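See below for protein_26.cif, which holds mmCIF, C-alpha atoms.
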```
data_final
#
loop_
_atom_site.label_atom_id
_atom_site.label_comp_id
_atom_site.auth_asym_id
_atom_site.auth_seq_id
_atom_site.Cartn_x
_atom_site.Cartn_y
_atom_site.Cartn_z
CA MET A 11 -17.40 -9.97 5.11
CA ASN A 12 -16.20 -6.49 4.22
CA PRO A 13 -17.83 -3.98 6.60
CA PHE A 14 -16.83 -1.16 4.24
CA ARG A 15 -18.29 -0.50 0.80
CA TYR A 16 -17.41 3.14 0.34
CA ASN A 17 -18.27 4.98 -2.84
CA THR A 18 -15.74 7.09 -4.74
CA ASP A 19 -16.50 10.30 -2.82
CA GLN A 20 -16.22 8.53 0.52
CA LEU A 21 -12.99 6.86 -0.57
CA SER A 22 -11.47 10.19 -1.62
CA GLN A 23 -12.39 11.68 1.74
CA LYS A 24 -10.94 8.73 3.60
CA ALA A 25 -7.73 8.89 1.55
CA LEU A 26 -7.45 12.56 2.54
CA GLU A 27 -7.77 11.57 6.18
CA ILE A 28 -5.15 8.86 5.68
CA ARG A 29 -2.75 11.48 4.30
CA ARG A 30 -3.37 13.64 7.37
CA ASP A 31 -2.63 10.63 9.57
CA ILE A 32 0.62 10.00 7.69
CA ILE A 33 1.93 13.54 8.11
CA THR A 34 0.93 13.68 11.78
CA MET A 35 2.57 10.33 12.54
CA LEU A 36 5.80 11.22 10.80
CA VAL A 37 6.15 14.59 12.49
CA GLU A 38 5.57 12.97 15.87
CA ALA A 39 8.00 10.13 15.16
CA LYS A 40 10.71 12.40 13.71
CA SER A 41 11.62 9.53 11.38
CA GLY A 42 10.11 7.43 8.63
CA HIS A 43 9.17 7.39 4.96
CA THR A 44 6.93 10.10 3.57
CA GLY A 45 6.79 9.99 -0.24
CA GLY A 46 5.73 6.37 -0.78
CA PRO A 47 2.94 6.30 1.81
CA LEU A 48 1.43 9.41 0.21
CA SER A 49 1.64 7.95 -3.30
CA CYS A 50 0.04 4.66 -2.15
CA ALA A 51 -2.78 6.28 -0.20
CA ASP A 52 -5.52 6.23 -2.86
CA PHE A 53 -5.29 2.67 -4.15
CA ALA A 54 -4.55 1.31 -0.66
CA THR A 55 -7.58 3.09 0.80
CA ALA A 56 -9.82 1.71 -1.94
CA LEU A 57 -8.52 -1.79 -1.32
CA TYR A 58 -9.48 -1.86 2.36
CA PHE A 59 -12.58 0.35 2.29
CA ASN A 60 -14.25 -1.18 -0.75
CA VAL A 61 -12.61 -4.26 -2.22
CA ILE A 62 -11.25 -6.93 0.10
CA ASN A 63 -13.05 -9.29 2.41
CA HIS A 64 -11.74 -8.68 5.92
CA ASP A 65 -12.94 -8.40 9.50
CA PRO A 66 -11.03 -5.93 11.72
CA GLY A 67 -12.54 -7.64 14.76
CA ASN A 68 -11.14 -11.00 13.68
CA PRO A 69 -7.83 -10.44 11.85
CA SER A 70 -7.21 -14.21 11.57
CA ASP A 71 -10.53 -15.01 9.94
CA PRO A 72 -9.77 -17.88 7.54
CA ASP A 73 -12.14 -16.39 4.97
CA ARG A 74 -10.23 -13.10 4.73
CA ASP A 75 -8.38 -11.89 1.66
CA ARG A 76 -4.65 -11.38 2.16
CA VAL A 77 -2.83 -8.08 1.61
CA VAL A 78 0.96 -7.94 1.68
CA TYR A 79 3.03 -4.78 1.37
CA SER A 80 6.19 -6.01 -0.28
CA ILE A 81 7.42 -2.41 0.05
CA GLY A 82 7.41 -2.84 3.81
CA HIS A 83 8.78 0.63 4.56
CA VAL A 84 5.49 2.36 3.66
CA THR A 85 4.11 1.43 7.07
CA ALA A 86 2.75 4.92 7.69
CA VAL A 87 -0.01 4.30 5.15
CA ASN A 88 -0.41 0.65 6.13
CA TYR A 89 -0.84 1.38 9.85
CA SER A 90 -3.07 4.38 9.23
CA ILE A 91 -5.48 2.33 7.13
CA LEU A 92 -5.54 -0.53 9.62
CA ALA A 93 -6.30 1.90 12.46
CA GLU A 94 -8.96 3.72 10.45
CA CYS A 95 -10.56 0.33 9.75
CA GLY A 96 -10.57 -0.51 13.48
CA TYR A 97 -7.83 -3.11 13.80
CA PHE A 98 -6.39 -1.08 16.70
CA PRO A 99 -7.06 2.37 18.20
CA LEU A 100 -6.19 5.48 16.22
CA ARG A 101 -4.24 6.80 19.21
CA ASP A 102 -1.69 4.02 18.63
CA LEU A 103 -0.58 5.87 15.49
CA MET A 104 1.03 8.48 17.74
CA THR A 105 3.45 5.79 18.98
CA PHE A 106 4.76 5.11 15.45
CA ARG A 107 8.45 4.10 15.48
CA LYS A 108 8.75 4.70 19.23
CA LEU A 109 10.43 2.29 21.65
CA GLY A 110 7.98 -0.36 22.81
CA SER A 111 5.35 0.44 20.17
CA HIS A 112 3.79 -2.32 18.08
CA LEU A 113 3.99 0.07 15.11
CA GLN A 114 7.63 -0.05 14.07
CA GLY A 115 9.24 1.22 10.88
CA HIS A 116 8.81 -2.14 9.17
CA PRO A 117 5.75 -4.31 9.88
CA ASN A 118 5.85 -7.20 12.35
CA MET A 119 3.11 -9.79 11.91
CA LEU A 120 3.66 -11.00 15.48
CA ASP A 121 2.88 -7.60 16.99
CA THR A 122 0.35 -5.82 14.81
CA PRO A 123 -3.20 -6.97 13.99
CA GLY A 124 -3.85 -7.00 10.25
CA ILE A 125 -0.22 -7.49 9.19
CA GLU A 126 0.02 -10.71 7.16
CA VAL A 127 3.80 -10.82 6.61
CA SER A 128 6.81 -9.14 8.23
CA THR A 129 8.29 -7.38 5.21
CA GLY A 130 11.06 -4.92 4.57
CA SER A 131 13.72 -6.81 2.65
CA LEU A 132 12.77 -5.60 -0.80
CA GLY A 133 11.86 -7.97 -3.62
CA GLN A 134 10.48 -10.78 -1.50
CA GLY A 135 6.81 -9.96 -1.01
CA LEU A 136 5.61 -11.10 -4.42
CA SER A 137 7.22 -14.51 -3.94
CA ILE A 138 5.43 -14.87 -0.62
CA CYS A 139 2.14 -13.92 -2.26
CA VAL A 140 2.66 -16.47 -5.02
CA GLY A 141 3.00 -19.12 -2.33
CA MET A 142 -0.12 -17.87 -0.55
CA ALA A 143 -2.14 -17.82 -3.76
CA LYS A 144 -0.95 -21.28 -4.82
CA GLY A 145 -1.73 -22.67 -1.37
CA LEU A 146 -5.25 -21.24 -1.44
CA LYS A 147 -5.76 -22.74 -4.89
CA LEU A 148 -4.61 -26.16 -3.69
CA ASP A 149 -7.02 -25.94 -0.75
CA GLY A 150 -9.88 -24.94 -3.03
CA LYS A 151 -10.35 -21.63 -1.21
CA PRO A 152 -11.90 -18.54 -2.85
CA ASN A 153 -9.73 -16.04 -0.94
CA ARG A 154 -7.78 -13.51 -2.97
CA VAL A 155 -4.22 -12.28 -2.43
CA TYR A 156 -3.11 -8.68 -3.04
CA CYS A 157 0.54 -7.64 -3.18
CA ILE A 158 1.69 -4.02 -3.20
CA ILE A 159 5.12 -3.65 -4.79
CA GLY A 160 7.34 -0.69 -5.58
CA ASP A 161 8.89 0.41 -8.85
CA GLY A 162 12.37 0.68 -7.37
CA GLU A 163 11.81 -2.71 -5.75
CA SER A 164 11.02 -4.10 -9.18
CA GLN A 165 14.69 -3.79 -10.07
CA GLU A 166 15.13 -6.93 -7.92
CA GLY A 167 15.43 -10.21 -9.81
CA ALA A 168 13.24 -11.99 -7.28
CA ILE A 169 10.25 -9.96 -8.46
CA TRP A 170 10.60 -11.39 -11.95
CA GLU A 171 11.12 -14.96 -10.75
CA ALA A 172 7.89 -14.62 -8.79
CA ALA A 173 6.14 -13.05 -11.78
CA MET A 174 7.20 -15.99 -13.95
CA ALA A 175 5.91 -18.50 -11.38
CA ALA A 176 2.57 -16.70 -10.97
CA GLY A 177 1.99 -16.72 -14.72
CA ASN A 178 3.07 -20.33 -15.01
CA PHE A 179 0.63 -21.46 -12.30
CA LYS A 180 -2.19 -19.27 -13.67
CA LEU A 181 -2.81 -17.69 -10.27
CA ASP A 182 -5.91 -15.69 -11.06
CA ASN A 183 -6.51 -15.25 -7.32
CA LEU A 184 -3.43 -13.02 -7.18
CA CYS A 185 -3.48 -9.28 -7.86
CA ALA A 186 -0.34 -7.17 -7.61
CA VAL A 187 -0.35 -3.39 -7.54
CA ILE A 188 2.81 -1.51 -8.47
CA ASP A 189 3.20 1.96 -7.00
CA TYR A 190 4.75 3.46 -10.13
CA ASN A 191 5.82 6.84 -8.75
CA HIS A 192 9.16 6.81 -10.62
CA CYS A 193 11.16 7.62 -7.47
CA GLN A 194 13.45 5.64 -5.19
CA ILE A 195 15.80 6.68 -2.43
CA ASP A 196 18.74 7.51 -4.73
CA GLY A 197 16.85 9.32 -7.48
CA ARG A 198 14.54 8.72 -10.41
CA VAL A 199 13.94 5.07 -11.25
CA GLU A 200 14.69 5.78 -14.91
CA ASP A 201 18.12 7.15 -14.01
CA ILE A 202 19.17 4.25 -11.78
CA MET A 203 17.77 1.06 -13.32
CA ASP A 204 14.87 1.66 -15.68
CA ILE A 205 12.13 -0.96 -15.36
CA ALA A 206 10.20 0.18 -18.44
CA PRO A 207 8.30 -1.08 -20.32
CA VAL A 208 6.53 -2.51 -17.27
CA VAL A 209 3.24 -3.22 -19.04
CA ASP A 210 4.91 -5.19 -21.82
CA LYS A 211 7.13 -7.10 -19.41
CA PHE A 212 4.30 -8.37 -17.22
CA ARG A 213 2.24 -9.30 -20.28
CA ALA A 214 5.22 -11.32 -21.51
CA PHE A 215 5.19 -13.12 -18.15
CA ASN A 216 1.55 -14.15 -18.76
CA TRP A 217 -0.14 -11.57 -16.56
CA ASP A 218 -3.27 -9.55 -17.21
CA VAL A 219 -2.11 -5.92 -17.01
CA ILE A 220 -4.26 -2.89 -16.17
CA ASP A 221 -2.61 0.52 -16.62
CA ILE A 222 -4.31 3.29 -14.61
CA ASP A 223 -4.02 6.68 -12.95
CA GLY A 224 -3.29 5.57 -9.40
CA HIS A 225 -4.99 8.63 -7.94
CA ASP A 226 -8.32 8.30 -9.81
CA MET A 227 -10.73 6.45 -7.53
CA GLN A 228 -13.05 5.29 -10.28
CA GLN A 229 -10.17 3.90 -12.33
CA ILE A 230 -8.85 2.19 -9.20
CA LEU A 231 -12.18 0.53 -8.40
CA ASP A 232 -12.69 -0.53 -12.02
CA ALA A 233 -9.21 -2.08 -12.04
CA TYR A 234 -9.83 -4.07 -8.88
CA ALA A 235 -13.15 -5.29 -10.30
CA GLU A 236 -11.50 -6.37 -13.56
CA ALA A 237 -8.77 -8.18 -11.64
CA ALA A 238 -11.31 -10.11 -9.58
CA ALA A 239 -13.25 -11.12 -12.68
CA PHE A 240 -10.28 -12.11 -14.85
CA LYS A 241 -9.69 -15.86 -15.09
CA GLY A 242 -6.63 -17.87 -16.06
CA LYS A 243 -3.92 -15.32 -15.27
CA PRO A 244 -2.72 -13.22 -12.34
CA THR A 245 -3.35 -9.49 -12.67
CA ILE A 246 -1.08 -6.53 -12.06
CA ILE A 247 -2.44 -3.02 -11.73
CA VAL A 248 0.17 -0.52 -12.86
CA ALA A 249 -0.81 2.43 -10.69
CA ASN A 250 0.81 5.54 -12.12
CA THR A 251 1.28 7.71 -9.06
CA VAL A 252 3.15 10.77 -7.81
CA MET A 253 5.68 10.59 -5.00
CA GLY A 254 4.39 12.72 -2.10
CA LYS A 255 0.93 13.10 -3.67
CA GLY A 256 -1.22 15.71 -1.96
CA VAL A 257 1.54 17.96 -0.66
CA SER A 258 2.81 20.38 -3.31
CA PHE A 259 6.39 20.74 -2.07
CA MET A 260 6.82 16.95 -1.84
CA GLU A 261 5.25 15.89 -5.13
CA GLY A 262 7.63 14.21 -7.56
CA ASP A 263 10.67 14.76 -5.31
CA HIS A 264 12.63 11.58 -4.55
CA GLY A 265 14.24 13.40 -1.63
CA TRP A 266 11.06 12.69 0.36
CA HIS A 267 11.45 8.95 -0.02
CA GLY A 268 12.92 8.28 3.41
CA ILE A 269 12.69 11.41 5.55
CA PRO A 270 9.90 12.89 7.70
CA PRO A 271 8.72 16.49 7.56
CA SER A 272 9.87 18.88 10.25
CA PRO A 273 7.11 20.37 12.44
CA GLU A 274 7.12 23.48 10.23
CA GLN A 275 6.96 21.43 7.03
CA GLY A 276 4.31 19.20 8.58
CA GLU A 277 2.16 22.20 9.44
CA SER A 278 2.43 23.48 5.88
CA ALA A 279 1.52 20.03 4.56
CA MET A 280 -1.45 19.73 6.89
CA ARG A 281 -2.81 23.10 5.82
CA GLU A 282 -2.68 21.93 2.20
CA LEU A 283 -4.59 18.85 3.36
CA GLY A 284 -7.25 20.99 5.04
CA SER A 285 -6.31 20.61 8.70
CA THR A 286 -3.61 21.43 11.27
CA LEU A 287 -1.20 19.27 13.23
CA GLU A 288 -2.86 20.22 16.50
CA GLU A 289 -6.35 19.42 15.24
CA TRP A 290 -5.35 16.08 13.78
CA THR A 291 -3.18 15.09 16.74
CA GLN A 292 -6.17 15.62 19.02
CA ARG A 293 -8.35 13.54 16.69
CA LEU A 294 -5.93 10.63 16.89
CA LEU A 295 -5.29 10.86 20.63
CA SER A 296 -9.00 11.02 21.44
CA SER A 297 -9.86 7.85 19.48
#
```

Reformat the file's structure so that it appears as structure tokens.
Amino acid sequence: MNPFRYNTDQLSQKALEIRRDIITMLVEAKSGHTGGPLSCADFATALYFNVINHDPGNPSDPDRDRVVYSIGHVTAVNYSILAECGYFPLRDLMTFRKLGSHLQGHPNMLDTPGIEVSTGSLGQGLSICVGMAKGLKLDGKPNRVYCIIGDGESQEGAIWEAAMAAGNFKLDNLCAVIDYNHCQIDGRVEDIMDIAPVVDKFRAFNWDVIDIDGHDMQQILDAYAEAAAFKGKPTIIVANTVMGKGVSFMEGDHGWHGIPPSPEQGESAMRELGSTLEEWTQRLLSS
């Protein structure tokens, strides 16, 4: 049911295009989160363009896999991927965060095709996914559930209650991905509330844990394949990423967590990404 089975080269190219979308959207909106969407771009692109079963023409298909962004504020990457898949026109991305748009700063499942859950209150998405996965198990369904969580978000106690429940119920149809970019809005994760050792903690909660470079497409695909094949436990992919990945003056800087680039900064970013704001704006508006 997945119309996309991109190889690693195609995925890397698509992730580059997603990053261009993100910068263009944020400059146009004059608000939004920059760093997290850029750090999520590679593993999120691989998920939609290679891994999950989904049908952009039928977002409610009962046979679809479920994807929930518990870090709801990274909508720039979420919306870009959905548009690039064909859930809605690319030109809609230029309405991001604008009055009357269906693409607001946090996702609304009632307005936007492809959004499974209205998220934004941090720490809750994994609990929702545990319920989804358990329900699918009870119904004897083969669908899988994927939950994208943040490292700063993982300071929330609800994440660990959900992790305990998932391990207890042996939800091997559940795969979480943690965007481990070590940055949150107030600074470095390690300086505010260190969540290390993440790998050991999830193993102690009866999860299969896969520790990868979250920007290496082959490692990403291998991790998703291992997660789908693993039986008896839920899986978490610890994706070691870089805040603002792809734009040199944003990389590793927590200051880019929740602000957009100015037009001048956006132009510099786009040139690093091999395009220009004008060129990419026209691409989006013409689609």

Discussion item. Excluding range 269-275 of chain A and its own-chain neighbours fewer than 2 positions away, which residues fall within 8 Å of it when counting all atoms listed in the file? Please give them as a PyMOL selection string.
Written reply: chain A and resi 33+36-37+40-44+265-267+277-279

Worksheet entry | Picked residues, the PyMOL selection byres ((chain A and resi 175) around 12), expected as a list in words |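 That expression, the PyMOL selection byres ((chain A and resi 175) around 12), corresponds here to Leu136, Ser137, Ile138, Cys139, Val140, Gly141, Ala143, Lys144, Ala168, Ile169, Trp170, Glu171, Ala172, Ala173, Met174, Ala176, Gly177, Asn178, Phe179, Lys180, Leu181, Leu184, Phe212, Phe215, Asn216, Trp217, Lys243 and Pro244 of chain A.
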
So that I have them on file, write out the residues from the current selection with C-alpha atoms, as a JSON list (two decimals), in the frame of the given file.
```
[["chain", "number", "residue", "atom", "x", "y", "z"],
["A", 136, "LEU", "CA", 5.61, -11.10, -4.42],
["A", 137, "SER", "CA", 7.22, -14.51, -3.94],
["A", 138, "ILE", "CA", 5.43, -14.87, -0.62],
["A", 139, "CYS", "CA", 2.14, -13.92, -2.26],
["A", 140, "VAL", "CA", 2.66, -16.47, -5.02],
["A", 141, "GLY", "CA", 3.00, -19.12, -2.33],
["A", 143, "ALA", "CA", -2.14, -17.82, -3.76],
["A", 144, "LYS", "CA", -0.95, -21.28, -4.82],
["A", 168, "ALA", "CA", 13.24, -11.99, -7.28],
["A", 169, "ILE", "CA", 10.25, -9.96, -8.46],
["A", 170, "TRP", "CA", 10.60, -11.39, -11.95],
["A", 171, "GLU", "CA", 11.12, -14.96, -10.75],
["A", 172, "ALA", "CA", 7.89, -14.62, -8.79],
["A", 173, "ALA", "CA", 6.14, -13.05, -11.78],
["A", 174, "MET", "CA", 7.20, -15.99, -13.95],
["A", 176, "ALA", "CA", 2.57, -16.70, -10.97],
["A", 177, "GLY", "CA", 1.99, -16.72, -14.72],
["A", 178, "ASN", "CA", 3.07, -20.33, -15.01],
["A", 179, "PHE", "CA", 0.63, -21.46, -12.30],
["A", 180, "LYS", "CA", -2.19, -19.27, -13.67],
["A", 181, "LEU", "CA", -2.81, -17.69, -10.27],
["A", 184, "LEU", "CA", -3.43, -13.02, -7.18],
["A", 212, "PHE", "CA", 4.30, -8.37, -17.22],
["A", 215, "PHE", "CA", 5.19, -13.12, -18.15],
["A", 216, "ASN", "CA", 1.55, -14.15, -18.76],
["A", 217, "TRP", "CA", -0.14, -11.57, -16.56],
["A", 243, "LYS", "CA", -3.92, -15.32, -15.27],
["A", 244, "PRO", "CA", -2.72, -13.22, -12.34]]
```

Item to complete: Step by step, work through what the PyMOL selection byres ((chain A and resi 66-83) around 6) selects in the shown file, and finish by giving those residues as a PyMOL selection string.
Response: chain A and resi 62-65+84-85+96-97+116+124+129-130+135+153-160

Worksheet entry | Interatomic distance (Å, one decimal) between CA of Ile220 in chain A and CA of Ile247 in chain A |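 CA of Ile247 in chain A lies at a distance of 4.8 Å from CA of Ile220 in chain A.
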
Item to complete: Please evaluate the PyMOL selection byres ((chain A and resi 203) around 12) against the structure above and give the resulting residues as a list of chain:residue names.
Response: A:Asp161, A:Gly162, A:Glu163, A:Ser164, A:Gln165, A:Glu166, A:His192, A:Cys193, A:Gln194, A:Asp196, A:Gly197, A:Arg198, A:Val199, A:Glu200, A:Asp201, A:Ile202, A:Asp204, A:Ile205, A:Ala206, A:Pro207

Discussion item. Just want the 9 Å neighbourhood of Ala39 in chain A, counted on only C-alpha atoms, with same-chain residues fewer than 4 positions away dropped. Output as a PyMOL selection string.
Written reply: chain A and resi 34-35+104-108+270

Item to complete: Pick out the closest residue to Gly45 in chain A from this set: A:Val252, A:Ile188, A:Leu132, A:Met280. Count only C-alpha atoms.
Response: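 Residue with the minimum atom-to-atom distance to Gly45 in chain A: A:Val252.
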
Show me, as JSON, the centre and edge lengths in Å to one decimal of the axis-aligned box that covers every listed atom of range 233-244 of chain A with 6 Å on each side.
```
{"center_x": -8.0, "center_y": -10.0, "center_z": -12.5, "size_x": 22.5, "size_y": 27.8, "size_z": 19.2}
```

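One distance worth recording is that between CA of Glu261 in chain A and CA of Asn60 in chain A, which is 26.3 Å.
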
Worksheet item: At what distance in Å, to one decimal, does CA of Asn191 in chain A lie from CA of Thr251 in chain A?
Response: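 A separation of 4.6 Å between them.
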
Item to complete: Kindly indicate which residue among A:Val257, A:Leu57, A:Leu100, A:Leu146 lies nearest to Arg29 in chain A, using all atoms listed in the file for the distances.
Response: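 Among the listed residues, A:Val257 lies closest to Arg29 in chain A.
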